[in-house]
file structure.txt (compact mmCIF, C-alpha atoms)
# COMPACT_ATOMS: atom_id res chain seq x y z
CA MET A 1 0.00 0.00 0.00
CA LYS A 2 1.21 3.49 -0.80
CA LYS A 3 2.39 5.29 2.35
CA TYR A 4 1.81 9.00 2.91
CA THR A 5 4.18 11.10 4.98
CA TYR A 6 4.53 14.78 5.74
CA SER A 7 7.38 17.15 6.56
CA GLU A 8 5.32 19.97 8.02
CA LYS A 9 1.88 20.94 9.26
CA LYS A 10 -0.13 24.02 8.32
CA ASP A 11 -3.68 25.20 8.73
CA THR A 12 -5.95 24.88 5.71
CA ARG A 13 -7.09 28.51 6.11
CA SER A 14 -3.52 29.56 5.28
CA GLY A 15 -3.88 27.56 2.07
CA PHE A 16 -6.91 29.70 1.29
CA GLY A 17 -4.89 32.83 1.96
CA ALA A 18 -2.13 31.66 -0.39
CA GLY A 19 -4.64 30.80 -3.11
CA LEU A 20 -6.39 34.15 -2.78
CA ALA A 21 -3.07 36.00 -2.99
CA HIS A 22 -2.25 34.05 -6.16
CA LEU A 23 -5.58 35.06 -7.67
CA GLY A 24 -4.87 38.67 -6.77
CA ARG A 25 -1.83 38.52 -9.00
CA THR A 26 -3.35 36.53 -11.86
CA ASN A 27 -7.06 37.36 -12.09
CA PRO A 28 -7.98 41.07 -12.05
CA ASN A 29 -11.69 40.29 -11.63
CA VAL A 30 -11.23 38.63 -8.24
CA VAL A 31 -12.28 40.78 -5.29
CA ALA A 32 -12.45 39.88 -1.61
CA LEU A 33 -14.91 40.74 1.16
CA CYS A 34 -14.52 40.01 4.87
CA ALA A 35 -16.74 40.25 7.93
CA ASP A 36 -14.10 41.63 10.33
CA LEU A 37 -11.95 38.47 10.37
CA ILE A 38 -9.03 39.36 8.07
CA GLY A 39 -6.39 37.65 10.20
CA SER A 40 -8.43 34.54 10.81
CA LEU A 41 -9.10 34.14 7.07
CA LYS A 42 -5.47 34.90 6.15
CA MET A 43 -6.48 37.62 3.68
CA ASN A 44 -3.62 39.98 4.62
CA GLU A 45 -1.40 39.31 1.62
CA PHE A 46 -4.23 39.83 -0.87
CA ILE A 47 -5.17 43.11 0.83
CA LYS A 48 -1.58 44.34 0.95
CA GLU A 49 -1.13 43.77 -2.78
CA ASN A 50 -4.68 44.73 -3.88
CA PRO A 51 -6.15 47.22 -1.40
CA GLU A 52 -8.57 48.61 -3.98
CA ARG A 53 -10.07 45.15 -4.51
CA PHE A 54 -10.89 44.46 -0.86
CA PHE A 55 -14.04 45.39 1.06
CA GLN A 56 -14.19 45.27 4.87
CA ILE A 57 -17.88 44.82 5.64
CA GLY A 58 -17.66 44.48 9.41
CA ILE A 59 -19.77 42.16 11.52
CA ALA A 60 -22.61 42.21 8.98
CA GLU A 61 -22.45 38.88 7.20
CA ALA A 62 -25.88 39.12 5.56
CA ASN A 63 -24.91 42.48 4.09
CA MET A 64 -21.65 40.96 2.84
CA MET A 65 -23.52 38.31 0.85
CA GLY A 66 -25.79 40.92 -0.71
CA ILE A 67 -22.85 43.10 -1.70
CA ALA A 68 -21.04 40.08 -3.14
CA ALA A 69 -24.08 39.20 -5.25
CA GLY A 70 -24.20 42.74 -6.56
CA LEU A 71 -20.52 42.79 -7.47
CA THR A 72 -21.00 39.85 -9.84
CA ILE A 73 -23.28 41.97 -12.03
CA GLY A 74 -20.28 44.06 -13.00
CA GLY A 75 -18.22 40.99 -13.86
CA LYS A 76 -16.33 40.72 -10.59
CA ILE A 77 -15.64 37.37 -8.89
CA PRO A 78 -16.22 37.99 -5.18
CA PHE A 79 -14.69 35.79 -2.49
CA THR A 80 -16.41 36.24 0.87
CA GLY A 81 -14.62 35.33 4.07
CA THR A 82 -15.83 34.53 7.58
CA PHE A 83 -16.27 31.55 9.89
CA ALA A 84 -18.31 28.62 8.56
CA ALA A 85 -21.03 29.18 11.17
CA PHE A 86 -21.52 32.73 9.92
CA SER A 87 -21.00 31.84 6.24
CA THR A 88 -24.00 29.51 6.20
CA GLY A 89 -26.55 29.39 9.01
CA ARG A 90 -26.50 33.09 9.77
CA VAL A 91 -26.91 34.11 6.13
CA TYR A 92 -28.82 31.19 4.62
CA ASP A 93 -31.65 33.33 3.29
CA GLN A 94 -29.27 35.75 1.56
CA ILE A 95 -27.33 32.89 -0.02
CA ARG A 96 -30.46 31.14 -1.20
CA GLN A 97 -32.30 34.19 -2.50
CA SER A 98 -29.62 36.67 -3.59
CA ILE A 99 -26.86 34.31 -4.72
CA ALA A 100 -28.08 30.81 -5.63
CA TYR A 101 -31.57 31.56 -6.96
CA SER A 102 -30.12 33.93 -9.55
CA ASP A 103 -26.94 31.85 -10.06
CA LYS A 104 -24.55 34.59 -8.99
CA ASN A 105 -20.84 33.84 -9.33
CA VAL A 106 -20.01 34.22 -5.63
CA LYS A 107 -17.38 32.13 -3.83
CA ILE A 108 -18.41 31.62 -0.20
CA CYS A 109 -15.19 30.81 1.66
CA ALA A 110 -15.68 29.44 5.16
CA SER A 111 -12.98 28.96 7.77
CA HIS A 112 -13.10 27.43 11.27
CA ALA A 113 -15.46 24.63 10.20
CA GLY A 114 -16.34 21.56 12.21
CA LEU A 115 -15.25 20.59 15.73
CA THR A 116 -11.61 21.58 15.26
CA LEU A 117 -12.49 25.21 15.83
CA GLY A 118 -11.89 23.93 19.34
CA GLU A 119 -12.03 26.17 22.36
CA ASP A 120 -14.56 28.63 20.90
CA GLY A 121 -17.21 26.03 21.65
CA ALA A 122 -20.47 24.70 20.28
CA THR A 123 -21.94 28.01 19.07
CA HIS A 124 -19.11 28.37 16.57
CA GLN A 125 -18.55 24.69 15.73
CA ILE A 126 -20.98 24.25 12.88
CA LEU A 127 -21.47 20.59 11.98
CA GLU A 128 -24.39 20.96 9.58
CA ASP A 129 -23.00 23.40 7.01
CA LEU A 130 -22.25 20.86 4.28
CA GLY A 131 -25.85 19.67 4.45
CA LEU A 132 -27.22 23.20 4.39
CA MET A 133 -25.19 24.16 1.35
CA LYS A 134 -25.47 20.98 -0.70
CA MET A 135 -29.28 21.21 -0.57
CA ILE A 136 -29.22 24.58 -2.35
CA PRO A 137 -29.81 24.05 -6.11
CA GLY A 138 -26.77 24.86 -8.22
CA MET A 139 -24.36 25.20 -5.29
CA THR A 140 -20.97 23.52 -5.62
CA VAL A 141 -19.66 22.30 -2.24
CA ILE A 142 -15.96 21.70 -1.56
CA ASN A 143 -14.24 20.53 1.65
CA THR A 144 -10.44 20.36 1.43
CA CYS A 145 -8.03 18.15 3.38
CA ASP A 146 -4.74 20.08 3.72
CA TYR A 147 -2.91 23.33 2.94
CA ASN A 148 -1.92 22.40 -0.61
CA GLN A 149 -5.35 21.17 -1.61
CA THR A 150 -7.00 24.27 -0.16
CA GLU A 151 -4.67 26.56 -2.08
CA ALA A 152 -5.37 24.66 -5.30
CA ALA A 153 -9.13 24.62 -4.71
CA THR A 154 -9.23 28.37 -4.04
CA ILE A 155 -7.56 29.00 -7.37
CA ALA A 156 -9.74 26.50 -9.22
CA ILE A 157 -13.08 27.90 -8.06
CA ALA A 158 -12.28 31.29 -9.59
CA GLU A 159 -12.51 29.62 -13.00
CA HIS A 160 -15.78 27.87 -12.15
CA GLU A 161 -18.91 29.75 -13.19
CA GLY A 162 -21.54 29.73 -10.46
CA PRO A 163 -21.83 29.81 -6.66
CA VAL A 164 -19.37 27.77 -4.61
CA TYR A 165 -19.10 26.92 -0.93
CA LEU A 166 -15.46 26.29 0.03
CA ARG A 167 -14.98 24.87 3.54
CA PHE A 168 -11.67 24.74 5.43
CA GLY A 169 -10.40 24.82 9.01
CA ARG A 170 -8.46 26.39 11.82
CA PRO A 171 -5.96 23.79 13.16
CA VAL A 172 -2.59 22.88 11.75
CA VAL A 173 -2.77 19.52 9.96
CA PRO A 174 -0.28 17.43 7.96
CA ILE A 175 0.50 18.55 4.40
CA PHE A 176 0.47 15.40 2.28
CA MET A 177 -1.10 16.42 -1.05
CA PRO A 178 1.02 17.74 -3.96
CA LYS A 179 1.92 21.41 -4.04
CA PHE A 180 -0.14 23.51 -6.43
CA SER A 181 1.58 24.52 -9.66
CA ASP A 182 0.17 26.32 -12.68
CA ASN A 183 2.21 24.00 -14.91
CA ASP A 184 1.41 20.67 -13.23
CA HIS A 185 -1.68 19.36 -14.99
CA ASP A 186 -1.46 15.97 -13.25
CA ASN A 187 -1.96 17.56 -9.83
CA LYS A 188 -4.43 20.21 -10.90
CA PHE A 189 -7.50 20.51 -8.69
CA VAL A 190 -10.54 19.26 -10.60
CA ILE A 191 -13.94 20.11 -9.16
CA GLY A 192 -16.12 17.01 -8.86
CA LYS A 193 -13.31 14.47 -9.26
CA GLY A 194 -12.28 12.47 -6.21
CA ILE A 195 -8.76 11.15 -5.70
CA GLN A 196 -7.95 7.52 -5.05
CA MET A 197 -5.18 7.62 -2.45
CA THR A 198 -4.58 3.88 -1.89
CA GLU A 199 -5.61 0.59 -3.45
CA GLY A 200 -7.38 -2.14 -1.53
CA ASN A 201 -9.71 -5.10 -1.85
CA ASP A 202 -11.44 -5.41 1.52
CA VAL A 203 -13.07 -2.05 2.27
CA THR A 204 -13.52 1.37 0.68
CA ILE A 205 -12.95 4.38 2.94
CA VAL A 206 -14.43 7.59 1.54
CA ALA A 207 -13.16 10.58 3.50
CA THR A 208 -13.27 14.35 3.27
CA GLY A 209 -11.51 17.29 4.91
CA HIS A 210 -9.43 16.63 8.02
CA LEU A 211 -10.60 13.01 8.05
CA VAL A 212 -8.62 12.14 4.88
CA TRP A 213 -5.36 12.02 6.85
CA GLU A 214 -7.06 9.97 9.56
CA ALA A 215 -8.33 7.58 6.88
CA LEU A 216 -4.80 7.10 5.57
CA GLN A 217 -3.57 6.32 9.08
CA ALA A 218 -6.45 3.89 9.50
CA ALA A 219 -5.53 2.15 6.26
CA GLU A 220 -1.97 1.64 7.50
CA GLU A 221 -3.24 0.13 10.75
CA LEU A 222 -5.68 -2.11 8.91
CA GLU A 223 -2.89 -3.34 6.65
CA LYS A 224 -0.97 -4.49 9.73
CA GLN A 225 -4.02 -6.59 10.55
CA GLY A 226 -4.20 -8.11 7.07
CA ILE A 227 -6.96 -5.84 5.74
CA THR A 228 -6.43 -3.75 2.62
CA ALA A 229 -8.37 -0.49 2.39
CA GLU A 230 -9.00 1.66 -0.65
CA VAL A 231 -8.97 5.30 0.53
CA ILE A 232 -10.75 7.89 -1.58
CA ASN A 233 -10.27 11.61 -0.97
CA ILE A 234 -13.58 13.31 -1.75
CA HIS A 235 -12.89 17.03 -1.72
CA THR A 236 -16.04 17.87 -3.69
CA ILE A 237 -19.19 16.92 -1.81
CA LYS A 238 -21.36 18.26 -4.63
CA PRO A 239 -21.14 17.28 -7.41
CA LEU A 240 -20.10 13.93 -5.96
CA ASP A 241 -17.76 11.66 -7.90
CA GLU A 242 -20.18 8.76 -7.95
CA GLU A 243 -18.30 6.94 -10.68
CA LEU A 244 -15.11 6.62 -8.62
CA ILE A 245 -16.98 5.51 -5.49
CA ILE A 246 -19.11 2.94 -7.32
CA LYS A 247 -16.05 1.55 -9.08
CA SER A 248 -14.30 1.07 -5.74
CA VAL A 249 -17.20 -0.53 -3.85
CA SER A 250 -17.83 -2.86 -6.79
CA LYS A 251 -14.45 -4.34 -5.88
CA THR A 252 -14.51 -4.14 -2.08
CA GLY A 253 -18.20 -4.75 -1.42
CA CYS A 254 -18.47 -2.33 1.54
CA VAL A 255 -17.76 1.27 2.47
CA VAL A 256 -16.96 3.54 5.41
CA THR A 257 -17.52 7.29 5.12
CA ALA A 258 -15.58 9.69 7.35
CA GLU A 259 -16.22 13.39 7.86
CA GLU A 260 -15.93 16.17 10.44
CA HIS A 261 -19.64 16.83 10.13
CA ASN A 262 -22.98 15.51 11.29
CA ILE A 263 -23.71 12.16 9.64
CA ILE A 264 -27.17 13.60 8.97
CA GLY A 265 -26.85 15.58 5.77
CA GLY A 266 -23.14 15.17 5.15
CA LEU A 267 -20.84 13.21 2.85
CA GLY A 268 -22.05 9.88 4.21
CA GLU A 269 -25.64 10.52 3.18
CA SER A 270 -24.55 11.63 -0.28
CA VAL A 271 -22.57 8.42 -0.71
CA ALA A 272 -25.48 6.34 0.63
CA ARG A 273 -27.86 7.91 -1.88
CA ALA A 274 -25.48 7.26 -4.76
CA LEU A 275 -25.00 3.64 -3.75
CA ALA A 276 -28.68 3.00 -3.03
CA THR A 277 -29.57 3.90 -6.60
CA ASN A 278 -26.57 2.24 -8.26
CA LYS A 279 -24.70 -0.32 -6.15
CA PRO A 280 -26.15 -1.03 -2.68
CA VAL A 281 -23.49 -2.26 -0.24
CA PRO A 282 -23.11 -2.22 3.57
CA GLN A 283 -21.99 1.17 4.87
CA GLU A 284 -20.75 2.54 8.20
CA PHE A 285 -20.60 6.24 9.08
CA VAL A 286 -17.83 8.06 10.95
CA GLY A 287 -19.02 11.55 11.89
CA THR A 288 -20.86 13.34 14.66
CA LYS A 289 -24.17 11.77 15.67
CA ASP A 290 -26.90 14.44 15.71
CA THR A 291 -25.15 16.54 18.34
CA PHE A 292 -23.60 19.92 18.96
CA GLY A 293 -19.94 20.20 19.93
CA GLU A 294 -18.38 21.64 23.07
CA SER A 295 -15.30 23.55 24.16
CA GLY A 296 -11.99 21.71 24.08
CA THR A 297 -8.79 21.35 22.11
CA PRO A 298 -9.16 19.98 18.58
CA ALA A 299 -7.41 16.75 19.57
CA GLN A 300 -9.65 16.25 22.61
CA LEU A 301 -12.79 16.83 20.59
CA MET A 302 -11.80 14.60 17.69
CA GLU A 303 -11.12 11.78 20.14
CA LYS A 304 -14.29 12.28 22.21
CA TYR A 305 -16.53 12.41 19.14
CA ASN A 306 -14.74 9.47 17.46
CA LEU A 307 -13.43 11.38 14.47
CA ASN A 308 -10.05 9.71 14.17
CA ALA A 309 -8.14 6.80 12.68
CA ALA A 310 -9.14 4.44 15.49
CA ALA A 311 -12.83 5.06 14.81
CA ILE A 312 -12.31 4.42 11.11
CA VAL A 313 -10.52 1.15 11.86
CA THR A 314 -13.41 0.04 14.08
CA ALA A 315 -16.00 1.01 11.47
CA SER A 316 -14.04 -0.78 8.74
CA LYS A 317 -13.96 -4.06 10.65
CA LYS A 318 -17.65 -3.76 11.44
CA VAL A 319 -18.67 -3.16 7.84
CA ILE A 320 -16.46 -5.98 6.55
CA ASN A 321 -18.26 -8.35 8.90
CA ARG A 322 -21.58 -7.18 7.44
CA ALA A 323 -20.49 -7.57 3.81
call {"tool": "encode", "arguments": {"input": "structure.txt", "output": "structure tokens"}}
result
Amino acid sequence: MKKYTYSEKKDTRSGFGAGLAHLGRTNPNVVALCADLIGSLKMNEFIKENPERFFQIGIAEANMMGIAAGLTIGGKIPFTGTFAAFSTGRVYDQIRQSIAYSDKNVKICASHAGLTLGEDGATHQILEDLGLMKMIPGMTVINTCDYNQTEAATIAIAEHEGPVYLRFGRPVVPIFMPKFSDNDHDNKFVIGKGIQMTEGNDVTIVATGHLVWEALQAAEELEKQGITAEVINIHTIKPLDEELIIKSVSKTGCVVTAEEHNIIGGLGESVARALATNKPVPQEFVGTKDTFGESGTPAQLMEKYNLNAAAIVTASKKVINRA
């Protein structure tokens, strides 16, 4: 099995900042808006180089979405930035009515998603945002796994016509995906195309976001126990790469989904729907179970809510026994 290693850790929000800065240099139509969280969203470099293309809206997220929708009429490509809780639940009506209903080319960029926001607690740890956004017609939904993939995704969505929800996080996590390069077509981020990370015959593990690294660690542990796992990195929740998932489960006969999100409405349900209508197989879900979070360090929370490699190993053995 292919082994993945890393030499450093970085937060995925810094990958967003790097991607936005790149767009500032290469795409004159890209503009950025922020709801008083410039440092948290790592927008400083873009602002320093393009002050005339940045709009500080203040703590008025609904207003930010309306302004972003309006900017698209003049041909601009607005990137909005705030925490995931404020990028979705707080402004759902504005996104649905002002952006999605009229197919405005707005990129909704959401940091501090999931439990790994940590000590800020349950009010800020949104675990239902993927579900909220994927249910909106025409909305593309992306959840990246590390710094490099977030940088690449940020750049890619500027070329995509239509509304996008891009979700990333606060904590430092291993960098294990290839570095973005304008000239590297093999490693180019492709919206809607999952990435097969390992090959296996016994179980398919479909993971997204911070859980991709945990899935890779789980696959290594399973291999020690004589079980081969096929790990698929699903960065695009919608549109889902059903073809890749169905191809894998046709070989393995069972699947585990893993996400830093409520199992109600998240990646797991999207995979279950795809399989139910194409290739029904046993499935186990690793994610939060219809609950809010709480205050704690990211590591403490991921362990308490069973969002780690050990939970994926347990789920994999369970689903294999059901297959």
call {"tool": "residues_around", "arguments": {"input": "structure.txt", "residues": "Glu8 in chain A", "least_positions_apart": "2", "cutoff": "12 Å", "atoms": "only C-alpha atoms", "output": "PyMOL selection string"}}
result
chain A and resi 5-6+10-11+146-148+172-177
call {"tool": "write_last_selection", "arguments": {"input": "structure.txt", "atoms": "C-alpha atoms", "output": "mmCIF file, in the frame of the given file"}}
result
data_model
loop_
_atom_site.group_PDB
_atom_site.id
_atom_site.type_symbol
_atom_site.label_atom_id
_atom_site.label_comp_id
_atom_site.auth_asym_id
_atom_site.auth_seq_id
_atom_site.Cartn_x
_atom_site.Cartn_y
_atom_site.Cartn_z
ATOM 1 C CA THR A 5 4.180 11.100 4.980
ATOM 2 C CA TYR A 6 4.530 14.780 5.740
ATOM 3 C CA LYS A 10 -0.130 24.020 8.320
ATOM 4 C CA ASP A 11 -3.680 25.200 8.730
ATOM 5 C CA ASP A 146 -4.740 20.080 3.720
ATOM 6 C CA TYR A 147 -2.910 23.330 2.940
ATOM 7 C CA ASN A 148 -1.920 22.400 -0.610
ATOM 8 C CA VAL A 172 -2.590 22.880 11.750
ATOM 9 C CA VAL A 173 -2.770 19.520 9.960
ATOM 10 C CA PRO A 174 -0.280 17.430 7.960
ATOM 11 C CA ILE A 175 0.500 18.550 4.400
ATOM 12 C CA PHE A 176 0.470 15.400 2.280
ATOM 13 C CA MET A 177 -1.100 16.420 -1.050
#
call {"tool": "closest_atom_pairs", "arguments": {"input": "structure.txt", "of": "range 161-272 of chain A", "to": "range 33-51 of chain A", "cutoff": "12 Å", "atoms": "all atoms listed in the file", "output": "JSON lines"}}
result
{"residue": "A:Arg167", "atom": "CA", "partner": "A:Leu41", "partner_atom": "CA", "distance": 11.5}
{"residue": "A:Phe168", "atom": "CA", "partner": "A:Leu41", "partner_atom": "CA", "distance": 9.9}
{"residue": "A:Gly169", "atom": "CA", "partner": "A:Leu41", "partner_atom": "CA", "distance": 9.6}
{"residue": "A:Arg170", "atom": "CA", "partner": "A:Ser40", "partner_atom": "CA", "distance": 8.2}
{"residue": "A:Pro171", "atom": "CA", "partner": "A:Ser40", "partner_atom": "CA", "distance": 11.3}
call {"tool": "atom_distance", "arguments": {"input": "structure.txt", "atom1": "CA of His261 in chain A", "atom2": "CA of Gly287 in chain A"}}
result
5.6 Å
call {"tool": "closest_residue", "arguments": {"input": "structure.txt", "among": "A:Asn201, A:Asn105, A:Ser295, A:Thr228", "to": "Leu71 in chain A", "atoms": "all atoms listed in the file"}}
result
A:Asn105
call {"tool": "residues_near_point", "arguments": {"input": "structure.txt", "point": "(-6.2, 38.1, -13.7)", "cutoff": "12 Å", "atoms": "only C-alpha atoms", "output": "ChimeraX atom specification"}}
result
/A:20-31,50,76-77,155,158-159
call {"tool": "closest_residue", "arguments": {"input": "structure.txt", "among": "A:Ser87, A:Val255, A:Ala310, A:Lys238", "to": "Gly138 in chain A", "atoms": "all atoms listed in the file"}}
result
A:Lys238
call {"tool": "closest_atom_pairs", "arguments": {"input": "structure.txt", "of": "range 23-130 of chain A", "to": "range 207-219 of chain A", "cutoff": "10 Å", "atoms": "all atoms listed in the file", "output": "tab-separated table"}}
result
residue	atom	partner	partner_atom	distance
A:Ala113	CA	A:Gly209	CA	9.9
A:Gly114	CA	A:His210	CA	9.5
A:Thr116	CA	A:His210	CA	9.0
call {"tool": "residues_around", "arguments": {"input": "structure.txt", "residues": "Ile191 in chain A", "least_positions_apart": "6", "cutoff": "10 Å", "atoms": "only C-alpha atoms", "output": "ChimeraX atom specification"}}
result
/A:140-142,153,156-157,160,235-241
call {"tool": "closest_residue", "arguments": {"input": "structure.txt", "among": "A:Met64, A:Leu222, A:Leu267, A:Ile312", "to": "Met133 in chain A", "atoms": "only C-alpha atoms"}}
result
A:Leu267
call {"tool": "residues_around", "arguments": {"input": "structure.txt", "residues": "Arg273 in chain A", "least_positions_apart": "5", "cutoff": "12 Å", "atoms": "all atoms listed in the file", "output": "JSON, numbers by chain"}}
result
{"A": [240, 242, 245, 246, 265, 266, 267, 268, 278, 279, 280, 281, 283]}
call {"tool": "atom_distance", "arguments": {"input": "structure.txt", "atom1": "CA of Glu259 in chain A", "atom2": "CA of Glu128 in chain A"}}
result
11.3 Å
call {"tool": "residues_around", "arguments": {"input": "structure.txt", "residues": "range 91-94 of chain A", "least_positions_apart": "6", "cutoff": "9 Å", "atoms": "only C-alpha atoms", "output": "PyMOL selection string"}}
result
chain A and resi 61-63+65-66+100+132-133
call {"tool": "residues_near_point", "arguments": {"input": "structure.txt", "point": "(-23.6, 34.3, 13.7)", "cutoff": "12 Å", "atoms": "all atoms listed in the file", "output": "PDB file with C-alpha atoms, in the frame of the given file"}}
result
ATOM      1  CA  ALA A  35     -16.740  40.250   7.930  1.00  0.00           C
ATOM      2  CA  ILE A  59     -19.770  42.160  11.520  1.00  0.00           C
ATOM      3  CA  ALA A  60     -22.610  42.210   8.980  1.00  0.00           C
ATOM      4  CA  GLU A  61     -22.450  38.880   7.200  1.00  0.00           C
ATOM      5  CA  ALA A  62     -25.880  39.120   5.560  1.00  0.00           C
ATOM      6  CA  THR A  82     -15.830  34.530   7.580  1.00  0.00           C
ATOM      7  CA  PHE A  83     -16.270  31.550   9.890  1.00  0.00           C
ATOM      8  CA  ALA A  84     -18.310  28.620   8.560  1.00  0.00           C
ATOM      9  CA  ALA A  85     -21.030  29.180  11.170  1.00  0.00           C
ATOM     10  CA  PHE A  86     -21.520  32.730   9.920  1.00  0.00           C
ATOM     11  CA  SER A  87     -21.000  31.840   6.240  1.00  0.00           C
ATOM     12  CA  THR A  88     -24.000  29.510   6.200  1.00  0.00           C
ATOM     13  CA  GLY A  89     -26.550  29.390   9.010  1.00  0.00           C
ATOM     14  CA  ARG A  90     -26.500  33.090   9.770  1.00  0.00           C
ATOM     15  CA  VAL A  91     -26.910  34.110   6.130  1.00  0.00           C
ATOM     16  CA  TYR A  92     -28.820  31.190   4.620  1.00  0.00           C
ATOM     17  CA  THR A 123     -21.940  28.010  19.070  1.00  0.00           C
ATOM     18  CA  HIS A 124     -19.110  28.370  16.570  1.00  0.00           C
ATOM     19  CA  GLN A 125     -18.550  24.690  15.730  1.00  0.00           C
ATOM     20  CA  ILE A 126     -20.980  24.250  12.880  1.00  0.00           C
TER      21      ILE A 126
END
call {"tool": "atom_distance", "arguments": {"input": "structure.txt", "atom1": "CA of Arg96 in chain A", "atom2": "CA of Leu127 in chain A"}}
result
19.1 Å
call {"tool": "closest_residue", "arguments": {"input": "structure.txt", "among": "A:Asn233, A:Ser111, A:Thr198, A:Thr154", "to": "Tyr4 in chain A", "atoms": "all atoms listed in the file"}}
result
A:Thr198
call {"tool": "closest_residue", "arguments": {"input": "structure.txt", "among": "A:Thr204, A:Asn306, A:Gln149, A:Thr144", "to": "Lys188 in chain A", "atoms": "all atoms listed in the file"}}
result
A:Gln149
call {"tool": "closest_residue", "arguments": {"input": "structure.txt", "among": "A:Ala323, A:Ala68, A:Leu301, A:Ala309", "to": "Gly118 in chain A", "atoms": "only C-alpha atoms"}}
result
A:Leu301
